[in-house]
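Next comes query-v5.txt, with compact mmCIF, C-alpha atoms.
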```txt
# COMPACT_ATOMS: atom_id res chain seq x y z
CA MET A 129 36.20 3.72 -9.94
CA ASP A 130 36.15 0.20 -8.44
CA LEU A 131 34.03 1.40 -5.50
CA SER A 132 31.57 3.13 -7.84
CA TYR A 133 31.29 -0.06 -9.91
CA LYS A 134 30.51 -2.12 -6.79
CA ILE A 135 27.87 0.38 -5.67
CA ASN A 136 26.24 0.36 -9.12
CA LYS A 137 26.28 -3.44 -9.25
CA LYS A 138 24.69 -3.72 -5.81
CA ALA A 139 22.13 -1.04 -6.72
CA ILE A 140 21.07 -2.98 -9.84
CA VAL A 141 20.65 -6.22 -7.86
CA PHE A 142 18.78 -4.36 -5.11
CA SER A 143 16.47 -2.64 -7.61
CA LEU A 144 15.62 -5.98 -9.24
CA GLY A 145 14.47 -7.34 -5.87
CA TRP A 146 12.47 -4.17 -5.32
CA LEU A 147 10.83 -4.53 -8.74
CA PHE A 148 9.85 -8.10 -7.83
CA ILE A 149 7.76 -6.67 -4.99
CA ILE A 150 6.11 -3.77 -6.80
CA VAL A 151 5.64 -5.26 -10.29
CA MET A 152 5.12 -9.03 -10.16
CA PRO A 153 1.84 -9.05 -8.16
CA SER A 154 0.06 -6.78 -10.65
CA PHE A 155 1.83 -8.08 -13.77
CA LEU A 156 0.54 -11.60 -13.12
CA MET A 157 -2.96 -10.09 -13.05
CA VAL A 158 -2.30 -8.30 -16.37
CA LEU A 159 -1.31 -11.67 -17.86
CA LYS A 160 -4.56 -13.09 -16.40
CA LEU A 161 -2.65 -15.69 -14.40
CA THR A 162 -4.14 -14.56 -11.07
CA SER A 163 -7.11 -12.49 -9.95
CA SER A 164 -5.45 -10.69 -7.02
CA PHE A 165 -2.10 -9.44 -5.73
CA SER A 166 -1.82 -12.32 -3.23
CA PHE A 167 -0.11 -15.00 -5.30
CA GLY A 168 2.36 -12.58 -6.90
CA LEU A 169 3.35 -11.09 -3.55
CA ILE A 170 3.75 -14.50 -1.90
CA LEU A 171 5.85 -15.67 -4.87
CA SER A 172 7.98 -12.50 -4.66
CA SER A 173 8.45 -13.08 -0.92
CA PHE A 174 9.56 -16.65 -1.50
CA LEU A 175 12.09 -15.61 -4.17
CA ILE A 176 13.53 -12.73 -2.11
CA PHE A 177 13.67 -14.82 1.06
CA SER A 178 15.48 -17.59 -0.84
CA ILE A 179 18.04 -15.14 -2.27
CA LEU A 180 18.65 -13.53 1.14
CA SER A 181 19.01 -16.96 2.76
CA ILE A 182 21.64 -17.98 0.20
CA PHE A 183 23.75 -14.83 0.05
CA LYS A 184 23.15 -13.23 3.47
CA PHE A 185 22.63 -16.31 5.65
CA ASN A 186 25.34 -15.51 8.21
CA TYR A 187 24.21 -11.91 8.53
CA LEU A 188 20.56 -12.86 9.00
CA LEU A 189 21.57 -15.24 11.79
CA THR A 190 22.68 -12.21 13.83
CA LEU A 191 19.08 -10.98 14.05
CA LYS A 192 17.70 -11.35 17.57
CA CYS A 193 14.11 -11.99 16.67
CA SER A 194 12.60 -13.87 19.62
CA LYS A 195 10.20 -11.01 20.41
CA ILE A 196 9.23 -10.66 16.76
CA PHE A 197 8.43 -14.35 16.35
CA LEU A 198 6.61 -14.32 19.68
CA PHE A 199 4.48 -11.51 18.23
CA LEU A 200 3.91 -13.56 15.05
CA PHE A 201 2.91 -16.58 17.15
CA PHE A 202 0.45 -14.42 19.12
CA VAL A 203 -1.12 -13.04 15.92
CA LEU A 204 -1.48 -16.51 14.38
CA PHE A 205 -2.86 -17.91 17.65
CA TYR A 206 -5.42 -15.09 17.83
CA MET A 207 -6.46 -15.67 14.20
CA LEU A 208 -7.00 -19.38 14.86
CA PHE A 209 -8.76 -18.74 18.18
CA GLN A 210 -11.07 -16.18 16.56
CA TYR A 211 -11.77 -18.54 13.66
CA LEU A 212 -12.70 -21.42 15.98
CA LEU A 213 -14.71 -19.18 18.33
CA ASN A 214 -16.76 -17.57 15.58
CA ASN A 215 -17.36 -20.53 13.34
CA LEU A 216 -17.34 -23.63 15.53
CA ILE A 217 -18.38 -22.46 19.01
CA LEU A 218 -20.56 -19.34 18.63
CA GLN A 219 -21.43 -20.11 15.00
CA ASN A 220 -21.93 -16.43 14.24
CA PHE A 221 -21.46 -16.89 10.50
CA LYS A 222 -23.39 -19.32 8.33
CA ILE A 223 -20.80 -19.35 5.54
CA ILE A 224 -17.04 -19.77 6.02
CA ASP A 225 -14.20 -20.26 3.56
CA THR A 226 -11.68 -22.60 5.14
CA GLY A 227 -9.46 -22.53 2.06
CA ARG A 228 -9.14 -18.73 2.15
CA PHE A 229 -8.38 -18.83 5.86
CA TYR A 230 -5.54 -21.38 5.73
CA ALA A 231 -4.11 -20.02 2.47
CA GLY A 232 -4.16 -16.58 4.07
CA ILE A 233 -2.38 -17.89 7.19
CA PHE A 234 0.37 -19.42 5.03
CA GLY A 235 0.72 -16.28 2.91
CA PHE A 236 0.73 -13.98 5.92
CA SER A 237 3.38 -16.03 7.75
CA LEU A 238 5.70 -16.15 4.75
CA THR A 239 5.35 -12.45 3.84
CA PHE A 240 5.68 -11.37 7.48
CA ILE A 241 8.93 -13.30 7.95
CA CYS A 242 10.23 -11.99 4.63
CA CYS A 243 9.40 -8.40 5.62
CA VAL A 244 11.31 -8.82 8.89
CA TYR A 245 14.41 -10.13 7.16
CA ILE A 246 14.30 -7.51 4.38
CA ALA A 247 14.02 -4.80 7.03
CA TYR A 248 17.00 -6.24 8.90
CA TYR A 249 18.98 -6.59 5.66
CA LEU A 250 18.33 -2.89 4.93
CA ILE A 251 20.30 -1.99 8.06
CA SER A 252 23.43 -3.20 6.25
CA VAL A 253 22.64 -1.46 2.94
CA ASN A 254 24.81 1.52 2.01
CA ASP A 255 22.79 4.73 1.63
CA ASN A 256 24.30 5.38 -1.83
CA VAL A 257 23.29 1.89 -2.97
CA PHE A 258 19.73 2.48 -1.79
CA TYR A 259 19.60 5.90 -3.46
CA ARG A 260 20.81 4.59 -6.81
CA ALA A 261 18.46 1.61 -6.60
CA SER A 262 15.55 3.97 -5.87
CA LYS A 263 16.46 6.01 -8.96
CA ILE A 264 16.44 2.86 -11.11
CA VAL A 265 13.03 1.86 -9.75
CA GLY A 266 11.79 5.45 -10.10
CA SER A 267 12.92 5.53 -13.75
CA PHE A 268 11.07 2.26 -14.38
CA LEU A 269 7.87 3.74 -12.89
CA ILE A 270 8.20 6.86 -15.06
CA ILE A 271 8.54 4.68 -18.18
CA ASN A 272 5.45 2.76 -17.08
CA SER A 273 3.53 6.03 -16.64
CA VAL A 274 4.56 7.24 -20.13
CA PHE A 275 3.27 4.03 -21.71
CA SER A 276 0.04 4.62 -19.80
CA LEU A 277 -0.24 8.20 -21.10
CA LEU A 278 0.23 6.94 -24.66
CA LYS A 279 -2.37 4.21 -23.99
CA ILE A 280 -0.14 1.55 -25.53
CA ASP A 281 -1.70 -1.83 -24.76
CA ILE A 282 1.37 -4.08 -25.22
CA PHE A 283 -0.20 -7.12 -23.56
CA ASN A 284 -3.55 -6.83 -25.39
CA THR A 285 -5.55 -6.53 -22.19
CA GLY A 286 -8.42 -4.75 -23.91
CA LEU A 287 -8.66 -2.42 -20.91
CA ALA A 288 -9.95 1.14 -21.37
CA LYS A 289 -6.93 2.50 -19.46
CA PRO A 290 -3.98 0.14 -20.08
CA THR A 291 -1.19 0.82 -17.57
CA LEU A 292 1.56 -1.51 -18.92
CA PHE A 293 2.53 -3.76 -15.97
CA TYR A 294 -0.48 -2.75 -13.86
CA GLN A 295 -4.03 -3.87 -14.34
CA GLU A 296 -5.52 -0.46 -13.64
CA PRO A 297 -4.35 3.10 -12.89
CA SER A 298 -5.42 2.87 -9.25
CA HIS A 299 -3.12 -0.12 -8.67
CA PHE A 300 -0.28 1.88 -10.19
CA ALA A 301 -1.14 4.88 -7.99
CA LEU A 302 -1.00 2.75 -4.83
CA VAL A 303 2.47 1.47 -5.74
CA VAL A 304 3.96 4.85 -6.74
CA ALA A 305 2.56 6.79 -3.73
CA PRO A 306 5.64 6.36 -1.45
CA PHE A 307 7.98 6.97 -4.40
CA VAL A 308 6.26 10.24 -5.38
CA ILE A 309 6.41 11.51 -1.78
CA TYR A 310 10.03 10.33 -1.42
CA PHE A 311 11.36 11.91 -4.62
CA SER A 312 9.42 15.14 -4.10
CA LEU A 313 11.29 15.42 -0.79
CA ILE A 314 14.86 14.47 -1.74
CA LEU A 315 15.13 16.05 -5.20
CA LYS A 316 16.14 19.66 -5.69
CA ARG A 317 13.17 22.03 -5.63
CA THR A 318 13.05 22.49 -9.43
CA TYR A 319 13.01 18.73 -10.12
CA SER A 320 10.59 18.16 -7.27
CA LEU A 321 8.10 20.67 -8.72
CA PHE A 322 8.52 19.13 -12.18
CA LEU A 323 7.73 15.69 -10.72
CA LEU A 324 4.62 17.00 -8.96
CA VAL A 325 3.40 18.72 -12.15
CA PHE A 326 3.95 15.48 -14.09
CA VAL A 327 2.02 13.44 -11.50
CA ALA A 328 -0.86 15.96 -11.56
CA PHE A 329 -0.90 15.94 -15.37
CA TRP A 330 -0.91 12.12 -15.44
CA ALA A 331 -3.79 11.95 -12.96
CA LEU A 332 -5.89 14.54 -14.83
CA TYR A 333 -5.18 13.12 -18.29
CA ILE A 334 -5.80 9.49 -17.29
CA GLN A 335 -8.64 10.62 -14.99
CA ASN A 336 -7.63 8.80 -11.84
CA ALA A 337 -8.81 10.14 -8.48
CA THR A 338 -6.40 7.92 -6.52
CA MET A 339 -3.40 9.52 -8.20
CA ILE A 340 -4.86 12.98 -7.53
CA ILE A 341 -4.79 12.13 -3.82
CA VAL A 342 -1.19 10.88 -4.17
CA PHE A 343 -0.32 14.26 -5.73
CA LEU A 344 -2.05 16.24 -2.98
CA ILE A 345 -0.32 14.28 -0.18
CA ALA A 346 3.08 14.71 -1.87
CA LEU A 347 2.41 18.43 -2.39
CA TRP A 348 1.37 18.82 1.26
CA ILE A 349 4.44 16.97 2.55
CA SER A 350 7.17 18.21 0.21
CA LEU A 351 6.25 21.90 0.21
CA ARG A 352 5.51 21.74 3.96
CA ILE A 353 2.17 23.41 3.40
CA ARG A 354 -0.25 23.71 6.30
CA LEU A 355 -3.17 21.36 5.76
CA LEU A 356 -5.70 24.19 6.14
CA ASN A 357 -3.87 26.29 3.52
CA LEU A 358 -3.82 23.32 1.15
CA ILE A 359 -7.58 22.83 1.54
CA ILE A 360 -8.25 26.55 0.97
CA GLY A 361 -6.00 26.66 -2.11
CA LEU A 362 -7.56 23.50 -3.52
CA THR A 363 -11.07 24.89 -2.97
CA ILE A 364 -10.19 28.10 -4.83
CA PHE A 365 -8.63 26.14 -7.71
CA ILE A 366 -11.64 23.83 -8.06
CA SER A 367 -14.01 26.81 -7.96
CA LEU A 368 -12.11 28.54 -10.79
CA VAL A 369 -12.07 25.37 -12.91
CA ALA A 370 -15.79 24.86 -12.25
CA LEU A 371 -16.52 28.38 -13.50
CA LEU A 372 -14.33 28.13 -16.60
CA GLU A 373 -14.93 24.51 -17.62
CA PRO A 374 -17.67 22.85 -15.52
CA SER A 375 -17.82 19.66 -17.62
CA SER A 376 -14.17 18.83 -16.82
CA LEU A 377 -15.03 18.22 -13.15
CA THR A 378 -17.80 15.70 -13.77
CA TYR A 379 -15.49 12.68 -13.28
CA TYR A 380 -14.15 13.98 -9.94
CA LYS A 381 -17.51 15.28 -8.73
CA GLU A 382 -18.95 11.78 -9.06
CA ARG A 383 -16.17 10.43 -6.83
CA ILE A 384 -15.98 13.23 -4.26
CA ILE A 385 -19.65 13.06 -3.26
CA LEU A 386 -19.87 9.99 -1.02
CA SER A 387 -23.57 9.27 -1.15
CA PRO A 388 -25.45 5.95 -1.09
CA ASP A 389 -27.62 7.41 -3.84
CA SER A 390 -24.61 7.64 -6.16
CA ASP A 391 -24.45 5.42 -9.24
CA ASN A 392 -20.65 5.57 -9.32
CA LEU A 393 -19.14 2.15 -8.60
CA SER A 394 -15.95 3.54 -6.99
CA VAL A 395 -18.02 5.48 -4.45
CA LEU A 396 -20.35 2.56 -3.80
CA VAL A 397 -17.43 0.12 -3.28
CA LEU A 398 -15.84 2.47 -0.73
CA LEU A 399 -19.16 2.95 1.12
CA GLN A 400 -19.89 -0.78 0.89
CA GLY A 401 -16.74 -1.66 2.83
CA TRP A 402 -17.56 0.58 5.79
CA GLU A 403 -21.26 -0.31 5.79
CA ASN A 404 -20.60 -4.05 5.70
CA ALA A 405 -17.92 -3.79 8.41
CA ILE A 406 -20.25 -1.91 10.78
CA LEU A 407 -23.13 -4.29 10.08
CA THR A 408 -20.88 -7.30 10.71
CA LEU A 409 -19.85 -6.00 14.12
CA LYS A 410 -23.43 -5.03 14.96
CA ASP A 411 -25.31 -8.07 13.68
CA ASN A 412 -22.77 -10.90 13.94
CA SER A 413 -19.83 -10.45 16.28
CA PHE A 414 -17.79 -7.60 17.74
CA PHE A 415 -14.81 -9.98 17.35
CA GLY A 416 -15.17 -9.61 13.58
CA ALA A 417 -15.60 -12.23 10.89
CA GLY A 418 -12.08 -13.64 11.09
CA PHE A 419 -8.96 -13.44 8.95
CA GLN A 420 -9.72 -13.40 5.21
CA GLN A 421 -13.45 -13.96 5.87
CA PHE A 422 -14.67 -10.45 5.03
CA GLY A 423 -17.18 -10.72 2.21
CA VAL A 424 -17.62 -14.47 2.65
CA GLY A 425 -20.41 -14.72 5.21
CA THR A 426 -20.43 -11.17 6.52
CA ALA A 427 -23.44 -8.86 6.48
CA LEU A 428 -24.24 -6.98 3.28
CA GLY A 429 -25.72 -3.49 3.30
CA SER A 430 -27.62 -1.29 0.87
CA ALA A 431 -24.45 -0.29 -1.02
CA SER A 432 -23.83 -3.95 -1.92
CA ASP A 433 -27.43 -4.27 -3.06
CA LYS A 434 -27.06 -1.12 -5.18
CA ILE A 435 -23.91 -2.48 -6.87
CA HIS A 436 -25.66 -5.77 -7.60
CA GLU A 437 -28.63 -3.88 -8.99
CA LEU A 438 -26.40 -1.79 -11.29
CA ILE A 439 -24.11 -4.49 -12.76
CA GLY A 440 -25.69 -7.81 -11.77
CA ILE A 441 -22.81 -8.99 -9.56
CA TYR A 442 -21.25 -8.15 -6.19
CA LEU A 443 -17.98 -6.24 -6.41
CA ASN A 444 -14.89 -6.02 -4.14
CA LEU A 445 -16.54 -7.81 -1.22
CA TYR A 446 -13.31 -9.49 -0.09
CA ASP A 447 -11.01 -6.43 -0.03
CA GLY A 448 -13.53 -4.09 1.63
CA GLY A 449 -12.84 -1.28 -0.84
CA SER A 450 -10.07 -0.06 1.47
CA LEU A 451 -7.95 -1.61 4.20
CA ALA A 452 -9.48 0.03 7.28
CA PRO A 453 -13.01 -1.45 6.93
CA LYS A 454 -11.50 -4.85 6.05
CA LEU A 455 -9.47 -4.80 9.28
CA ILE A 456 -12.52 -3.77 11.30
CA GLY A 457 -14.81 -6.28 9.59
CA GLU A 458 -12.38 -9.16 10.15
CA PHE A 459 -10.90 -8.32 13.56
CA GLY A 460 -13.68 -6.31 15.18
CA ILE A 461 -12.62 -4.20 18.15
CA LEU A 462 -9.00 -5.23 17.62
CA GLY A 463 -9.27 -3.98 14.05
CA VAL A 464 -10.59 -0.63 15.28
CA GLY A 465 -7.53 -0.40 17.54
CA ALA A 466 -5.21 -1.20 14.59
CA VAL A 467 -6.78 1.59 12.49
CA ILE A 468 -6.44 4.09 15.36
CA TYR A 469 -2.80 3.02 15.85
CA TYR A 470 -2.10 3.60 12.16
CA CYS A 471 -3.65 7.09 12.36
CA PHE A 472 -1.34 7.81 15.30
CA ILE A 473 1.85 6.75 13.49
CA PHE A 474 0.67 8.53 10.33
CA ILE A 475 0.48 11.86 12.18
CA LEU A 476 3.84 11.28 13.87
CA SER A 477 5.45 10.32 10.55
CA VAL A 478 4.09 13.43 8.82
CA ASN A 479 5.48 15.64 11.59
CA LYS A 480 8.82 13.85 11.43
CA ILE A 481 9.18 13.93 7.65
CA LYS A 482 8.28 17.63 7.42
CA SER A 483 11.19 18.50 9.71
CA ILE A 484 13.74 16.08 8.30
CA ASP A 485 16.68 17.22 6.16
CA ARG A 486 16.49 15.96 2.58
CA ASN A 487 20.13 14.81 2.82
CA SER A 488 19.39 12.53 5.79
CA ASN A 489 19.50 8.73 5.58
CA ARG A 490 17.40 8.00 2.52
CA ILE A 491 16.18 4.62 3.75
CA ILE A 492 14.70 6.33 6.81
CA ILE A 493 13.10 8.98 4.59
CA PHE A 494 11.59 6.32 2.32
CA SER A 495 10.33 4.40 5.35
CA TYR A 496 8.38 7.44 6.55
CA CYS A 497 7.07 7.94 3.01
CA SER A 498 5.83 4.33 2.92
CA ILE A 499 4.00 4.83 6.22
CA ILE A 500 2.38 8.01 4.89
CA GLY A 501 1.64 6.58 1.45
CA VAL A 502 -0.26 3.55 2.77
CA PHE A 503 -2.88 6.01 4.08
CA ILE A 504 -4.47 5.65 0.65
CA ASP A 505 -4.76 1.87 1.12
CA PHE A 506 -6.30 2.36 4.53
CA PHE A 507 -8.95 4.90 3.63
CA ILE A 508 -9.23 5.53 -0.11
CA ARG A 509 -8.53 2.51 -2.30
CA GLY A 510 -7.28 -0.78 -0.92
CA THR A 511 -6.62 -4.20 -2.40
CA GLY A 512 -6.35 -6.20 0.82
CA TYR A 513 -3.41 -7.22 2.99
CA PHE A 514 -1.28 -8.67 0.21
CA SER A 515 -0.41 -5.53 -1.72
CA PRO A 516 3.01 -4.02 -2.54
CA SER A 517 2.23 -0.81 -0.64
CA VAL A 518 1.23 -2.68 2.54
CA TYR A 519 4.33 -4.86 2.10
CA MET A 520 6.61 -1.80 1.95
CA PHE A 521 4.76 -0.34 4.94
CA ILE A 522 5.48 -3.41 7.09
CA ILE A 523 9.13 -3.45 6.02
CA SER A 524 9.39 0.25 6.89
CA MET A 525 7.89 -0.28 10.33
CA PHE A 526 10.40 -3.02 11.16
CA TYR A 527 13.30 -1.10 9.64
CA LEU A 528 12.56 1.91 11.84
CA LYS A 529 12.24 -0.36 14.83
CA PHE A 530 15.62 -1.94 14.11
CA LYS A 531 17.16 1.51 13.58
CA LYS A 532 15.29 2.84 16.63
CA SER A 533 15.22 6.17 14.83
CA ILE A 534 12.16 7.60 16.59
CA THR A 535 10.70 7.11 20.03
CA PHE A 536 7.37 5.57 19.08
CA PHE A 537 9.17 2.60 17.45
CA ARG A 538 11.28 1.88 20.51
CA GLY A 539 10.71 -1.21 22.54
```
Encoded form using structure tokens:
Amino acid sequence: MDLSYKINKKAIVFSLGWLFIIVMPSFLMVLKLTSSFSFGLILSSFLIFSILSIFKFNYLLTLKCSKIFLFLFFVLFYMLFQYLLNNLILQNFKIIDTGRFYAGIFGFSLTFICCVYIAYYLISVNDNVFYRASKIVGSFLIINSVFSLLKIDIFNTGLAKPTLFYQEPSHFALVVAPFVIYFSLILKRTYSLFLLVFVAFWALYIQNATMIIVFLIALWISLRIRLLNLIIGLTIFISLVALLEPSSLTYYKERIILSPDSDNLSVLVLLQGWENAILTLKDNSFFGAGFQQFGVGTALGSASDKIHELIGIYLNLYDGGSLAPKLIGEFGILGVGAVIYYCFIFILSVNKIKSIDRNSNRIIIFSYCSIIGVFIDFFIRGTGYFSPSVYMFIISMFYLKFKKSITFFRG
């Protein structure tokens, strides 16, 4: 009884820290205190790092992190070198935002260090504690989704699709992606199928294409379906729906067809990121624009012009629409390498998770799910570097490295 009480107590504390990461960044936006995830995530990092430093100071001192901090130093040095080369020596860009650059450097350094220490702390976390904490967080996310279904606007946001603690359904979908994949894997088959049906219903009722993709990835992973079979089955299903109720597919049709002639803002924002990244490398510098400079003085393409023509303002220039074009636009050839590297570990993680036993170490399972889930940030709908899903991805990468659970994280 005493042991169970201790586990529950630790799980509650752990889940509160977890909720800091996945809720605070978006909730501050709902309250209109910030306009992006950045401040909330940096604040969460500071709070968690402070708590870990107070209560786990001696344990954290055992971390041998010389190579990690050498890597951080190299990244920061490269960012500064690139910034000076582009803007003071070569002068490739007419407009720069010094404030964004240095604020980004501070935020990146703090969140990176925090991710390393959280990952190392996870090594000491009991698997039962993690599992119970994940159930608490999962229950919270289900409650949030129910409020969204009921369209209860508690905070008087005036939004068409109020999502309680999240500014928009897509932000919620990005956060829940690793959780949906994780629970669809570890739960018994009946509960797993119920979860997947609920996620699909939520996505269709709310009309959110990002959550549809979360559902499809979770379905593909948890049921261990061959990708080709999934595509064939999905094509048949869409064809039947199109025959029976063609009007119901209008929302998704507008988002599936990636055409510069589209008037859909979601499609244009996604195309804009890739177009602007390619133009920046081609017209300005193959080194990229520099850290946090995408959308500041970078090249703008026809998709940006189309968005401006439709609504009178430019939209999502800084975040690139998704993470991959932002990386490429800001880091050039190095960014291309980072995207290719992610694709590599994504494939390896999918292969690993499909063969793993659902009763295995749950932190390892969740780590793989985070790596897979951030695919959506990379290629479908991103909000920049400072997002909860990217944060969990970085923690997962370091955790797997510390655990040395698979060969491609060794070193």
| query | What does the distance from CA of Leu476 in chain A to CA of Cys497 in chain A come to in Å, to one decimal? | reply | 11.8 Å
| field | Selected residue, from A:Ile406, A:Leu396, A:Ile359, A:Ile499, that lies nearest to Asp433 in chain A when counting only C-alpha atoms | value |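 Selected residue with least distance to Asp433 in chain A: A:Leu396.
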| task | Using all atoms listed in the file, find the one residue out of A:Ile493, A:Ile149, A:Ser181, A:Ala247 that sits nearest to Ile522 in chain A. | result | A:Ala247
| field | Residue among A:Ile508, A:Leu313, A:Leu323, A:Leu344 lying closest to Asn487 in chain A, counting all atoms listed in the file | value | A:Leu313
| said: Between CA of His436 in chain A and CA of Ile334 in chain A, what distance in Å does the model show, to one decimal? | reply: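 Those two atoms sit 26.9 Å apart.
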| query | Can you list, as a PyMOL selection string, every protein, DNA or RNA residue that comes within 6 Å of range 225-241 of chain A when you count only C-alpha atoms, leaving out same-chain residues fewer than 4 positions away? | reply | chain A and resi 170+173+420
Selected residues written out, C-alpha atoms, as a short mmCIF file (atom, residue, chain, number, x, y, z; two decimals), keeping the file's coordinate frame:
```
data_model
loop_
_atom_site.label_atom_id
_atom_site.label_comp_id
_atom_site.auth_asym_id
_atom_site.auth_seq_id
_atom_site.Cartn_x
_atom_site.Cartn_y
_atom_site.Cartn_z
CA ILE A 170 3.75 -14.50 -1.90
CA SER A 173 8.45 -13.08 -0.92
CA GLN A 420 -9.72 -13.40 5.21
#
```
Residues around (-8.1, -6.6, -0.9), cut-off 7 Å, counting all atoms listed in the file - what are they as a PDB file with C-alpha atoms, in the coordinates of the input?
```
ATOM      1  CA  TYR A 446     -13.310  -9.490  -0.090  1.00  0.00           C
ATOM      2  CA  ASP A 447     -11.010  -6.430  -0.030  1.00  0.00           C
ATOM      3  CA  GLY A 448     -13.530  -4.090   1.630  1.00  0.00           C
ATOM      4  CA  GLY A 510      -7.280  -0.780  -0.920  1.00  0.00           C
ATOM      5  CA  THR A 511      -6.620  -4.200  -2.400  1.00  0.00           C
ATOM      6  CA  GLY A 512      -6.350  -6.200   0.820  1.00  0.00           C
ATOM      7  CA  TYR A 513      -3.410  -7.220   2.990  1.00  0.00           C
TER       8      TYR A 513
END
```
Would you mind writing range 188-201 of chain A with N, CA and C atoms, as a short mmCIF file (atom, residue, chain, number, x, y, z; two decimals), keeping the file's coordinate frame?
```cif
data_model
loop_
_atom_site.label_atom_id
_atom_site.label_comp_id
_atom_site.auth_asym_id
_atom_site.auth_seq_id
_atom_site.Cartn_x
_atom_site.Cartn_y
_atom_site.Cartn_z
N LEU A 188 21.93 -12.72 8.49
CA LEU A 188 20.56 -12.86 9.00
C LEU A 188 20.52 -13.60 10.33
N LEU A 189 21.52 -14.48 10.53
CA LEU A 189 21.57 -15.24 11.79
C LEU A 189 21.84 -14.33 12.99
N THR A 190 22.37 -13.13 12.73
CA THR A 190 22.68 -12.21 13.83
C THR A 190 21.43 -11.48 14.34
N LEU A 191 20.32 -11.64 13.63
CA LEU A 191 19.08 -10.98 14.05
C LEU A 191 18.52 -11.64 15.31
N LYS A 192 18.34 -10.85 16.35
CA LYS A 192 17.70 -11.35 17.57
C LYS A 192 16.21 -11.11 17.44
N CYS A 193 15.50 -12.17 17.07
CA CYS A 193 14.11 -11.99 16.67
C CYS A 193 13.12 -12.76 17.55
N SER A 194 13.51 -13.10 18.76
CA SER A 194 12.60 -13.87 19.62
C SER A 194 11.31 -13.12 19.90
N LYS A 195 11.41 -11.80 20.14
CA LYS A 195 10.20 -11.01 20.41
C LYS A 195 9.33 -10.90 19.17
N ILE A 196 9.97 -10.78 18.01
CA ILE A 196 9.23 -10.66 16.76
C ILE A 196 8.45 -11.94 16.47
N PHE A 197 9.11 -13.09 16.63
CA PHE A 197 8.43 -14.35 16.35
C PHE A 197 7.42 -14.69 17.44
N LEU A 198 7.62 -14.18 18.64
CA LEU A 198 6.61 -14.32 19.68
C LEU A 198 5.36 -13.52 19.29
N PHE A 199 5.58 -12.33 18.71
CA PHE A 199 4.48 -11.51 18.23
C PHE A 199 3.75 -12.23 17.09
N LEU A 200 4.52 -12.82 16.15
CA LEU A 200 3.91 -13.56 15.05
C LEU A 200 3.09 -14.73 15.57
N PHE A 201 3.63 -15.45 16.56
CA PHE A 201 2.91 -16.58 17.15
C PHE A 201 1.60 -16.10 17.78
#
```
